[in-house]
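Structure data (mmCIF, C-alpha atoms) from input-v4.cif:
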data_start
#
loop_
_atom_site.label_atom_id
_atom_site.label_comp_id
_atom_site.auth_asym_id
_atom_site.auth_seq_id
_atom_site.Cartn_x
_atom_site.Cartn_y
_atom_site.Cartn_z
CA MET D 19 0.00 0.00 0.00
CA LYS D 20 1.27 3.48 -0.83
CA GLN D 21 2.56 5.61 2.02
CA HIS D 22 -0.20 8.23 2.01
CA ARG D 23 -2.94 5.59 1.83
CA LEU D 24 -1.41 3.68 4.71
CA ARG D 25 -1.47 6.88 6.74
CA ARG D 26 -5.15 7.36 5.96
CA LEU D 27 -5.86 3.72 6.88
CA TYR D 28 -4.38 4.43 10.32
CA GLY D 29 -6.63 7.48 10.48
CA VAL D 30 -9.70 5.32 9.77
CA LEU D 31 -8.66 2.77 12.41
CA PHE D 32 -8.05 5.60 14.88
CA VAL D 33 -11.58 6.98 14.33
CA VAL D 34 -13.16 3.55 14.91
CA PHE D 35 -10.95 2.94 17.97
CA CYS D 36 -11.87 6.29 19.57
CA SER D 37 -15.54 5.72 18.90
CA ALA D 38 -15.36 2.21 20.38
CA LEU D 39 -13.60 3.61 23.44
CA ALA D 40 -16.29 6.28 23.86
CA PHE D 41 -19.12 3.74 23.59
CA ALA D 42 -17.31 1.38 25.97
CA LEU D 43 -16.80 4.11 28.59
CA VAL D 44 -20.45 5.15 28.43
CA TYR D 45 -21.67 1.57 28.81
CA PHE D 46 -19.16 0.97 31.60
CA ALA D 47 -20.38 4.05 33.46
CA ILE D 48 -24.04 3.02 33.27
CA LYS D 49 -23.51 -0.74 33.31
CA ASP D 50 -25.97 -1.52 36.10
CA ASN D 51 -28.67 0.62 34.54
CA VAL D 52 -28.45 -1.01 31.11
CA ASN D 53 -30.13 -4.09 32.53
CA LEU D 54 -33.88 -3.76 32.15
CA PHE D 55 -34.71 -5.56 35.39
CA TYR D 56 -33.32 -7.10 38.57
CA SER D 57 -33.48 -10.84 39.10
CA PRO D 58 -34.76 -12.05 42.51
CA SER D 59 -31.15 -13.00 43.40
CA ASP D 60 -30.01 -9.41 42.69
CA LEU D 61 -32.77 -8.12 44.97
CA PHE D 62 -31.70 -10.41 47.81
CA GLU D 63 -28.03 -9.51 47.45
CA ASN D 64 -28.53 -5.79 46.99
CA PRO D 65 -31.98 -4.59 48.00
CA PRO D 66 -32.67 -1.28 46.19
CA GLN D 67 -32.51 1.84 48.38
CA GLY D 68 -35.01 4.68 48.25
CA LYS D 69 -38.58 4.90 47.10
CA ASN D 70 -38.16 4.76 43.32
CA ALA D 71 -39.97 2.15 41.26
CA ILE D 72 -37.88 -0.80 40.09
CA ARG D 73 -38.34 -3.66 37.66
CA ALA D 74 -38.03 -7.28 38.68
CA GLY D 75 -37.95 -10.12 36.19
CA GLY D 76 -37.81 -13.89 36.03
CA LEU D 77 -40.14 -16.84 35.61
CA VAL D 78 -43.63 -17.03 37.06
CA GLU D 79 -43.38 -19.88 39.56
CA ILE D 80 -45.60 -22.86 38.69
CA GLY D 81 -48.72 -22.97 40.85
CA SER D 82 -48.09 -19.56 42.42
CA LEU D 83 -50.73 -17.49 40.56
CA LYS D 84 -53.68 -16.52 42.77
CA ARG D 85 -56.59 -14.42 41.49
CA ALA D 86 -59.04 -12.55 43.73
CA VAL D 87 -62.63 -13.71 43.32
CA ASN D 88 -64.37 -10.39 42.66
CA SER D 89 -61.63 -7.96 41.64
CA LEU D 90 -58.68 -7.80 39.24
CA GLU D 91 -56.16 -8.31 42.02
CA VAL D 92 -53.56 -10.99 41.38
CA GLU D 93 -50.63 -12.36 43.31
CA PHE D 94 -47.79 -14.52 42.01
CA ILE D 95 -44.15 -15.40 42.63
CA ILE D 96 -41.24 -14.44 40.36
CA THR D 97 -38.33 -16.83 40.57
CA ASP D 98 -34.91 -17.22 38.97
CA LEU D 99 -34.81 -20.82 40.28
CA LYS D 100 -32.50 -19.71 43.12
CA LYS D 101 -34.44 -17.00 44.94
CA SER D 102 -38.00 -15.76 44.57
CA ILE D 103 -40.13 -12.73 45.44
CA SER D 104 -43.89 -12.18 45.62
CA VAL D 105 -45.65 -9.73 43.31
CA TYR D 106 -49.00 -8.00 43.88
CA TYR D 107 -50.83 -6.41 40.96
CA THR D 108 -54.27 -5.10 40.12
CA GLY D 109 -55.22 -5.07 36.46
CA ILE D 110 -55.34 -7.10 33.29
CA LEU D 111 -52.37 -9.37 32.63
CA PRO D 112 -50.85 -9.52 29.12
CA ASP D 113 -51.97 -12.39 26.85
CA LEU D 114 -48.66 -14.21 27.06
CA PHE D 115 -48.59 -14.14 30.85
CA LYS D 116 -48.34 -17.76 31.95
CA GLU D 117 -46.90 -19.85 34.74
CA ASN D 118 -43.33 -20.96 34.01
CA ALA D 119 -42.99 -18.16 31.40
CA GLY D 120 -40.89 -14.97 31.57
CA VAL D 121 -42.29 -11.82 33.12
CA VAL D 122 -41.06 -8.31 33.98
CA ALA D 123 -42.91 -6.42 36.74
CA THR D 124 -42.49 -2.69 37.47
CA GLY D 125 -43.42 -1.34 40.88
CA TYR D 126 -42.38 -0.47 44.42
CA PHE D 127 -40.24 -2.89 46.34
CA ASP D 128 -40.82 -3.76 49.99
CA LYS D 129 -37.51 -4.82 51.56
CA ASN D 130 -39.08 -6.29 54.69
CA LYS D 131 -41.52 -8.59 52.93
CA MET D 132 -39.33 -9.11 49.83
CA SER D 133 -42.34 -8.31 47.69
CA LEU D 134 -43.17 -6.00 44.81
CA ASP D 135 -46.25 -3.83 44.59
CA ALA D 136 -46.47 -3.74 40.79
CA TYR D 137 -48.23 -1.22 38.56
CA GLN D 138 -47.12 -2.74 35.24
CA ILE D 139 -46.67 -6.35 34.15
CA LEU D 140 -44.91 -7.19 30.88
CA ALA D 141 -44.70 -10.68 29.44
CA LYS D 142 -41.37 -11.86 28.12
CA HIS D 143 -41.44 -14.53 25.43
CA ASP D 144 -38.58 -16.75 24.39
CA GLU D 145 -36.93 -17.29 21.01
CA ASN D 146 -38.65 -20.62 20.30
CA TYR D 147 -41.25 -20.82 17.57
CA VAL D 148 -43.12 -24.13 17.26
CA PRO D 149 -46.35 -24.85 15.32
CA LYS D 150 -49.40 -25.34 17.52
CA GLU D 151 -50.08 -28.85 16.17
CA VAL D 152 -46.51 -29.99 16.79
CA LYS D 153 -46.61 -28.80 20.37
CA LYS D 154 -49.95 -30.54 20.99
CA ALA D 155 -48.56 -33.77 19.56
CA LEU D 156 -45.46 -33.52 21.76
CA GLU D 157 -47.52 -33.03 24.90
CA LYS D 158 -49.60 -36.17 24.31
CA MET V 13 -7.51 -13.98 -9.26
CA PHE V 14 -6.22 -10.94 -7.41
CA GLN V 15 -5.79 -9.12 -10.74
CA VAL V 16 -9.43 -9.84 -11.67
CA LEU V 17 -10.64 -8.44 -8.35
CA LYS V 18 -8.41 -5.40 -8.79
CA ASN V 19 -9.79 -4.75 -12.27
CA PHE V 20 -13.34 -5.10 -10.98
CA TYR V 21 -12.57 -2.65 -8.18
CA HIS V 22 -11.23 -0.11 -10.67
CA LYS V 23 -14.24 -0.53 -12.92
CA LEU V 24 -16.56 -0.11 -9.92
CA GLY V 25 -15.13 3.37 -9.49
CA SER V 26 -16.10 4.38 -13.00
CA TYR V 27 -19.41 6.18 -13.34
CA PRO V 28 -20.10 5.32 -17.02
CA TRP V 29 -19.34 1.63 -16.47
CA PHE V 30 -21.56 1.46 -13.40
CA TYR V 31 -24.35 3.34 -15.15
CA LYS V 32 -24.30 0.93 -18.07
CA ILE V 33 -24.11 -2.30 -16.03
CA SER V 34 -26.66 -1.27 -13.39
CA GLY V 35 -29.16 -0.42 -16.11
CA LYS V 36 -28.97 -3.99 -17.35
CA VAL V 37 -29.20 -5.59 -13.89
CA ILE V 38 -32.04 -3.48 -12.44
CA PRO V 39 -35.05 -5.07 -14.24
CA PHE V 40 -34.05 -8.62 -13.24
CA VAL V 41 -33.34 -7.79 -9.61
CA GLY V 42 -36.52 -5.72 -9.40
CA VAL V 43 -38.81 -8.46 -10.67
CA LEU V 44 -37.06 -11.15 -8.64
CA SER V 45 -37.09 -9.22 -5.36
CA ILE V 46 -40.70 -8.08 -5.58
CA SER V 47 -41.93 -11.55 -6.49
CA LEU V 48 -39.95 -13.06 -3.60
CA ILE V 49 -41.46 -10.54 -1.19
CA VAL V 50 -44.99 -11.24 -2.48
CA ILE V 51 -44.51 -15.04 -2.32
CA SER V 52 -42.94 -15.02 1.15
CA SER V 53 -45.59 -12.63 2.52
CA ILE V 54 -48.46 -14.81 1.28
CA TRP V 55 -46.68 -17.93 2.52
CA GLY V 56 -45.92 -16.38 5.90
CA LEU V 57 -49.34 -14.81 6.42
CA PHE V 58 -51.58 -17.64 5.20
CA PHE V 59 -49.72 -20.94 4.90
CA SER V 60 -47.10 -21.18 7.63
CA PRO V 61 -48.38 -22.79 10.85
CA THR V 62 -49.72 -20.88 13.85
CA ASP V 63 -47.26 -20.50 16.72
CA ALA V 64 -47.97 -22.52 19.87
CA VAL V 65 -47.28 -19.66 22.29
CA GLN V 66 -48.01 -16.43 20.43
CA GLY V 67 -50.74 -17.57 18.05
CA ASP V 68 -51.10 -15.74 14.76
CA VAL V 69 -49.54 -12.49 15.95
CA TYR V 70 -46.07 -13.98 15.45
CA ARG V 71 -46.57 -13.65 11.66
CA ILE V 72 -45.28 -10.08 11.86
CA ILE V 73 -41.86 -11.79 12.09
CA TYR V 74 -41.97 -12.04 8.26
CA PHE V 75 -41.69 -8.23 8.09
CA HIS V 76 -39.84 -7.40 11.30
CA VAL V 77 -36.82 -9.69 10.99
CA PRO V 78 -35.98 -8.92 7.30
CA ALA V 79 -36.27 -5.17 7.97
CA VAL V 80 -34.02 -5.01 11.03
CA SER V 81 -31.57 -7.47 9.55
CA VAL V 82 -31.12 -5.56 6.30
CA SER V 83 -30.88 -2.24 8.16
CA GLN V 84 -27.80 -3.55 9.97
CA VAL V 85 -26.24 -5.04 6.85
CA ILE V 86 -26.71 -1.75 4.98
CA TYR V 87 -24.91 0.11 7.76
CA TYR V 88 -21.99 -2.36 7.75
CA SER V 89 -21.65 -1.98 3.98
CA MET V 90 -21.80 1.80 4.30
CA SER V 91 -18.94 1.78 6.79
CA VAL V 92 -16.83 -0.32 4.40
CA ALA V 93 -17.63 2.30 1.75
CA ALA V 94 -16.67 5.03 4.23
CA ALA V 95 -13.24 3.46 4.78
CA VAL V 96 -12.78 3.05 1.01
CA PHE V 97 -13.70 6.69 0.48
CA LEU V 98 -11.30 7.95 3.15
CA ILE V 99 -8.36 5.75 2.12
CA TRP V 100 -8.64 5.55 -1.69
CA ARG V 101 -10.75 8.68 -2.27
CA MET V 102 -13.09 6.64 -4.46
CA LYS V 103 -15.97 8.96 -5.35
CA MET V 104 -18.32 6.05 -5.97
CA ALA V 105 -18.08 5.19 -2.25
CA GLY V 106 -19.48 8.62 -1.45
CA VAL V 107 -22.31 8.03 -3.91
CA TYR V 108 -22.97 4.67 -2.24
CA ILE V 109 -23.26 6.12 1.28
CA LYS V 110 -25.48 8.98 0.16
CA SER V 111 -27.79 6.68 -1.82
CA LEU V 112 -28.11 3.85 0.70
CA ALA V 113 -28.54 5.90 3.91
CA PRO V 114 -32.23 6.78 3.28
CA ILE V 115 -32.98 3.14 2.42
CA GLY V 116 -31.29 1.98 5.61
CA ALA V 117 -33.17 4.58 7.64
CA ALA V 118 -36.47 3.48 6.09
CA PHE V 119 -35.87 -0.17 6.97
CA THR V 120 -34.74 0.68 10.51
CA PHE V 121 -37.97 2.62 10.88
CA ILE V 122 -40.02 -0.30 9.55
CA GLY V 123 -38.20 -2.54 12.02
CA LEU V 124 -38.91 -0.24 14.97
CA LEU V 125 -42.55 0.23 13.95
CA SER V 126 -43.27 -3.47 13.32
CA GLY V 127 -41.51 -4.27 16.60
CA ALA V 128 -43.76 -1.85 18.47
CA ILE V 129 -46.88 -3.30 16.82
CA TRP V 130 -45.66 -6.78 17.76
CA GLY V 131 -44.74 -5.77 21.31
CA GLN V 132 -48.14 -4.36 22.23
CA PRO V 133 -50.14 -7.63 22.07
CA THR V 134 -47.33 -9.96 23.21
CA TRP V 135 -45.27 -8.09 25.82
CA GLY V 136 -48.03 -5.68 26.78
CA THR V 137 -46.20 -2.50 25.74
CA TRP V 138 -45.33 -0.62 22.55
CA TRP V 139 -41.93 0.44 23.77
CA VAL V 140 -39.54 -0.25 26.60
CA TRP V 141 -36.09 1.28 27.14
CA ASP V 142 -34.21 -2.00 27.04
CA ALA V 143 -30.77 -2.38 25.48
CA ARG V 144 -31.93 -3.92 22.17
CA LEU V 145 -34.64 -1.38 21.45
CA THR V 146 -32.57 1.60 22.55
CA SER V 147 -29.49 0.62 20.53
CA THR V 148 -31.69 0.11 17.45
CA LEU V 149 -33.07 3.61 17.98
CA VAL V 150 -29.45 4.85 18.15
CA LEU V 151 -28.84 3.13 14.78
CA PHE V 152 -31.84 4.99 13.35
CA LEU V 153 -30.48 8.29 14.70
CA PHE V 154 -27.07 7.65 13.08
CA TYR V 155 -28.85 7.13 9.75
CA LEU V 156 -30.69 10.44 10.25
CA ALA V 157 -27.40 12.19 11.12
CA ILE V 158 -25.79 10.83 7.94
CA ILE V 159 -28.73 12.00 5.81
CA GLY V 160 -28.81 15.38 7.53
CA MET V 161 -25.08 16.03 7.14
CA GLN V 162 -25.18 15.59 3.34
CA SER V 163 -26.58 19.05 2.78
CA THR V 164 -24.57 21.02 5.34
CA PHE V 165 -21.41 21.39 3.23
CA ALA V 166 -20.70 23.65 0.28
CA SER V 167 -18.53 21.14 -1.56
CA ARG V 168 -19.42 17.55 -2.40
CA LYS V 169 -15.97 16.32 -1.35
CA SER V 170 -16.08 17.75 2.17
CA ALA V 171 -19.63 16.45 2.65
CA ASP V 172 -18.56 12.93 1.60
CA THR V 173 -15.51 13.08 3.92
CA ALA V 174 -17.48 14.26 6.95
CA VAL V 175 -20.26 11.76 6.30
CA SER V 176 -17.71 8.93 6.01
CA ILE V 177 -16.26 9.81 9.41
CA ILE V 178 -19.67 9.93 11.13
CA THR V 179 -20.53 6.60 9.48
CA LEU V 180 -17.39 5.03 10.97
CA VAL V 181 -18.20 6.46 14.40
CA GLY V 182 -21.61 4.78 14.29
CA VAL V 183 -20.38 1.35 13.19
CA VAL V 184 -19.35 0.61 16.79
CA ASN V 185 -23.05 0.62 17.72
CA LEU V 186 -23.80 -2.40 15.50
CA PRO V 187 -22.12 -5.12 17.60
CA ILE V 188 -23.94 -3.59 20.58
CA VAL V 189 -27.31 -4.01 18.80
CA LYS V 190 -26.42 -7.61 17.99
CA LYS V 191 -25.06 -8.64 21.41
CA SER V 192 -27.35 -6.51 23.62
CA VAL V 193 -29.74 -9.42 24.25
CA ASP V 194 -26.85 -11.59 25.47
CA TRP V 195 -24.93 -9.02 27.50
CA TRP V 196 -27.81 -7.51 29.47
CA ASN V 197 -31.27 -8.32 30.83
CA THR V 198 -33.69 -7.21 28.14
CA LEU V 199 -37.37 -7.66 27.35
CA HIS V 200 -36.43 -8.63 23.79
CA GLN V 201 -35.63 -12.32 23.39
CA PRO V 202 -32.30 -13.64 21.99
CA ALA V 203 -31.85 -14.52 18.30
CA SER V 204 -33.92 -17.36 16.80
CA ILE V 205 -31.79 -17.83 13.70
CA THR V 206 -28.10 -18.53 14.19
CA ILE V 207 -25.53 -19.30 11.52
CA SER V 208 -23.72 -21.78 13.74
CA GLY V 209 -25.87 -24.31 15.51
CA GLU V 210 -29.56 -25.02 15.32
CA SER V 211 -32.22 -22.36 14.90
CA SER V 212 -34.91 -22.28 17.57
CA ILE V 213 -37.63 -21.76 14.98
CA SER V 214 -39.20 -24.78 13.34
CA ASN V 215 -38.50 -25.42 9.66
CA GLU V 216 -42.04 -24.78 8.34
CA MET V 217 -41.79 -21.26 9.78
CA LEU V 218 -38.12 -20.78 8.96
CA ILE V 219 -38.29 -21.39 5.19
CA PRO V 220 -40.73 -18.53 4.37
CA LEU V 221 -38.75 -16.35 6.79
CA LEU V 222 -35.50 -17.01 4.92
CA LEU V 223 -37.30 -16.31 1.63
CA SER V 224 -38.62 -13.00 2.94
CA ILE V 225 -35.11 -12.06 4.14
CA LEU V 226 -33.67 -12.88 0.69
CA GLY V 227 -36.46 -10.90 -0.97
CA VAL V 228 -35.83 -7.81 1.14
CA TYR V 229 -32.04 -8.03 0.59
CA LEU V 230 -32.59 -8.16 -3.16
CA PHE V 231 -35.10 -5.32 -2.91
CA VAL V 232 -32.45 -3.19 -1.20
CA PHE V 233 -30.00 -4.13 -3.97
CA PHE V 234 -32.63 -3.04 -6.52
CA THR V 235 -33.57 0.27 -4.86
CA GLY V 236 -29.90 0.90 -4.01
CA LEU V 237 -28.95 0.69 -7.69
CA LEU V 238 -31.83 3.00 -8.67
CA SER V 239 -30.88 5.46 -5.97
CA MET V 240 -27.17 5.41 -6.95
CA ARG V 241 -28.03 6.02 -10.61
CA ALA V 242 -30.13 9.01 -9.61
CA GLU V 243 -27.25 10.36 -7.51
CA ILE V 244 -24.72 9.82 -10.31
CA SER V 245 -26.93 11.59 -12.83
CA THR V 246 -27.18 14.57 -10.45
CA ARG V 247 -23.43 14.74 -9.93
CA GLU V 248 -22.46 14.13 -13.54
CA GLN V 249 -25.19 15.98 -15.44
CA ASN V 250 -22.74 18.42 -17.02
CA LYS V 251 -20.14 15.79 -17.95
CA GLU V 252 -19.54 14.82 -21.56
CA TRP V 253 -20.32 11.08 -21.16
CA PHE V 254 -23.62 11.75 -19.48
CA LYS V 255 -24.76 14.30 -22.07
CA LYS V 256 -23.88 11.88 -24.83
CA LEU V 257 -25.87 9.16 -23.10
CA SER V 258 -28.94 11.34 -22.64
CA SER V 259 -28.87 12.62 -26.24
CA ASN V 260 -28.73 9.03 -27.52
CA ASN V 261 -31.94 8.11 -25.74
#

Using structure tokens, write down the structure from this file.
Amino acid sequence: MKQHRLRRLYGVLFVVFCSALAFALVYFAIKDNVNLFYSPSDLFENPPQGKNAIRAGGLVEIGSLKRAVNSLEVEFIITDLKKSISVYYTGILPDLFKENAGVVATGYFDKNKMSLDAYQILAKHDENYVPKEVKKALEK
Amino acid sequence: MFQVLKNFYHKLGSYPWFYKISGKVIPFVGVLSISLIVISSIWGLFFSPTDAVQGDVYRIIYFHVPAVSVSQVIYYSMSVAAAVFLIWRMKMAGVYIKSLAPIGAAFTFIGLLSGAIWGQPTWGTWWVWDARLTSTLVLFLFYLAIIGMQSTFASRKSADTAVSIITLVGVVNLPIVKKSVDWWNTLHQPASITISGESSISNEMLIPLLLSILGVYLFVFFTGLLSMRAEISTREQNKEWFKKLSSNN
């Protein structure tokens, strides 16, 4: 490669390197806040301080969902298979909300009871796509 | 072999050669890409099986995945062009970036929009500030910056240089988009199609998806060529070769 082109190649690499460094520093500085939610284990290790709302995420524990008889109140347990916390919520749950499926709950955390008073529930779905008929056949 | 590649590279830099060849290729790519998109859409919307968990709403995958995938590939190719422009001063690379940026922006927008429409019934929200969604929005903003910068310079050469640098700055964001679902907790799920290893999407659903991806890639090739020809004819309208060409037609 000719001398002046080689010099410009270094220039290009330098631009990409500086940009990568800048992105890396930003993500390093905010690394805990890039995560969308805390897992139950995170909440046990480091209970959040203050009164701000937090998000907790994990799997809905099998058999833990309880619905109130004459209101929209629900109660369930979020688990990461190591630790678990209870969640209280009043409202309509998303269509994909299911036991043993992923969920992210936003709300106010109670350190003493290790429970979350949620005002938003989001369902998290996984990357598996299987035809309905195939799944039915597998379950038989 | 190397000599052949080198000759091709030199030819690629020539406006008249590109204008002639692209004119011949465009009709074929156009017909092929649009028919692939039509076939894969009909296949995906009506004939592929219903998903066990999400039901029929998952069918938006046949628009969402091709759009976001091509928007990233366009950006990677633009940053290669940016390096070529800065190192070899190849004017065609500047034409390439200017012509492809609006197409990339459009597909990023389609990806964000179809993702929001998909998110509402499945997750329960249109938008969430998780790492995947936010970094894709950053990609969209880089596209807008590249488009916006084109007209802020008096000379074509300084515009192409500045745009090339901003393109290279933004390329760092792409691995973040890709790996965000593995590095952090996100609402968005990890990839279903992987080049190495088995895909976590069943074959009856995967085949129309791959067809739709191929269709959209070819469509970008088609519109990219059209857009580059338009840009070349703007830049070269007073040149001898172009006048000769227009008077012949």

Set the cut-off to 10 Å and count all atoms listed in the file: what are the residues of chain V that reach chain D? Output as number ranges by chain.
V: 60-67, 70, 94-96, 98-101, 131-137, 140-143, 146, 176-185, 188, 192-193, 195-205, 211-218

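Going from CA of Ala117 (chain V) to CA of Phe75 (chain V) covers 15.4 Å.
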
Excluding Leu257 (chain V) and any residue of its chain fewer than 3 positions from it, enumerate the residues within 10 Å of it, using all atoms listed in the file, and give them as a count of residues only.
8

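Here CA of Phe58 (chain V) and CA of Val85 (chain V) stand 28.3 Å from one another.
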
Decode the PyMOL selection byres ((chain D and resi 103) around 8) for the given file into explicit residues and return them as an mmCIF file with C-alpha atoms, in the coordinates of the input.
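This went into result_9.cif:
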data_model
loop_
_atom_site.group_PDB
_atom_site.id
_atom_site.type_symbol
_atom_site.label_atom_id
_atom_site.label_comp_id
_atom_site.auth_asym_id
_atom_site.auth_seq_id
_atom_site.Cartn_x
_atom_site.Cartn_y
_atom_site.Cartn_z
ATOM 1 C CA PRO D 58 -34.760 -12.050 42.510
ATOM 2 C CA ILE D 95 -44.150 -15.400 42.630
ATOM 3 C CA ILE D 96 -41.240 -14.440 40.360
ATOM 4 C CA THR D 97 -38.330 -16.830 40.570
ATOM 5 C CA LYS D 101 -34.440 -17.000 44.940
ATOM 6 C CA SER D 102 -38.000 -15.760 44.570
ATOM 7 C CA SER D 104 -43.890 -12.180 45.620
ATOM 8 C CA VAL D 105 -45.650 -9.730 43.310
ATOM 9 C CA MET D 132 -39.330 -9.110 49.830
ATOM 10 C CA SER D 133 -42.340 -8.310 47.690
ATOM 11 C CA LEU D 134 -43.170 -6.000 44.810
#

For the atom pair CA of Thr120 (chain V) and CA of Ile207 (chain V), what is the interatomic distance in Å to one decimal place?
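Going from CA of Thr120 (chain V) over to CA of Ile207 (chain V) covers 22.0 Å.
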
Within 12 Å of Phe127 (chain D), counting all atoms listed in the file, which residues qualify if same-chain residues fewer than 2 places away don't, as a ChimeraX atom specification?
/D:56,58,61-62,65-74,103-106,123-125,129-137

Counting only C-alpha atoms, which residues have an atom no more than 10 Å from (-29.1, -2.7, 17.4) in the file's coordinates? Please list them as a PyMOL selection string.
chain V and resi 80-81+83-84+120+143-152+185-193

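Against this structure, the PyMOL selection byres ((chain V and resi 43-53) around 6) ends up with V:Phe40, V:Val41, V:Gly42, V:Ile54, V:Trp55, V:Gly56, V:Leu57, V:Pro220, V:Leu223, V:Ser224, V:Gly227, V:Leu230, V:Phe231.
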
Produce a file of the selected residues containing C-alpha atoms, as a PDB file, in the frame of the given file.
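Writing the result to out-v1.pdb gives the following:
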ATOM      1  CA  PHE V  40     -34.050  -8.620 -13.240  1.00  0.00           C
ATOM      2  CA  VAL V  41     -33.340  -7.790  -9.610  1.00  0.00           C
ATOM      3  CA  GLY V  42     -36.520  -5.720  -9.400  1.00  0.00           C
ATOM      4  CA  ILE V  54     -48.460 -14.810   1.280  1.00  0.00           C
ATOM      5  CA  TRP V  55     -46.680 -17.930   2.520  1.00  0.00           C
ATOM      6  CA  GLY V  56     -45.920 -16.380   5.900  1.00  0.00           C
ATOM      7  CA  LEU V  57     -49.340 -14.810   6.420  1.00  0.00           C
ATOM      8  CA  PRO V 220     -40.730 -18.530   4.370  1.00  0.00           C
ATOM      9  CA  LEU V 223     -37.300 -16.310   1.630  1.00  0.00           C
ATOM     10  CA  SER V 224     -38.620 -13.000   2.940  1.00  0.00           C
ATOM     11  CA  GLY V 227     -36.460 -10.900  -0.970  1.00  0.00           C
ATOM     12  CA  LEU V 230     -32.590  -8.160  -3.160  1.00  0.00           C
ATOM     13  CA  PHE V 231     -35.100  -5.320  -2.910  1.00  0.00           C
TER      14      PHE V 231
END
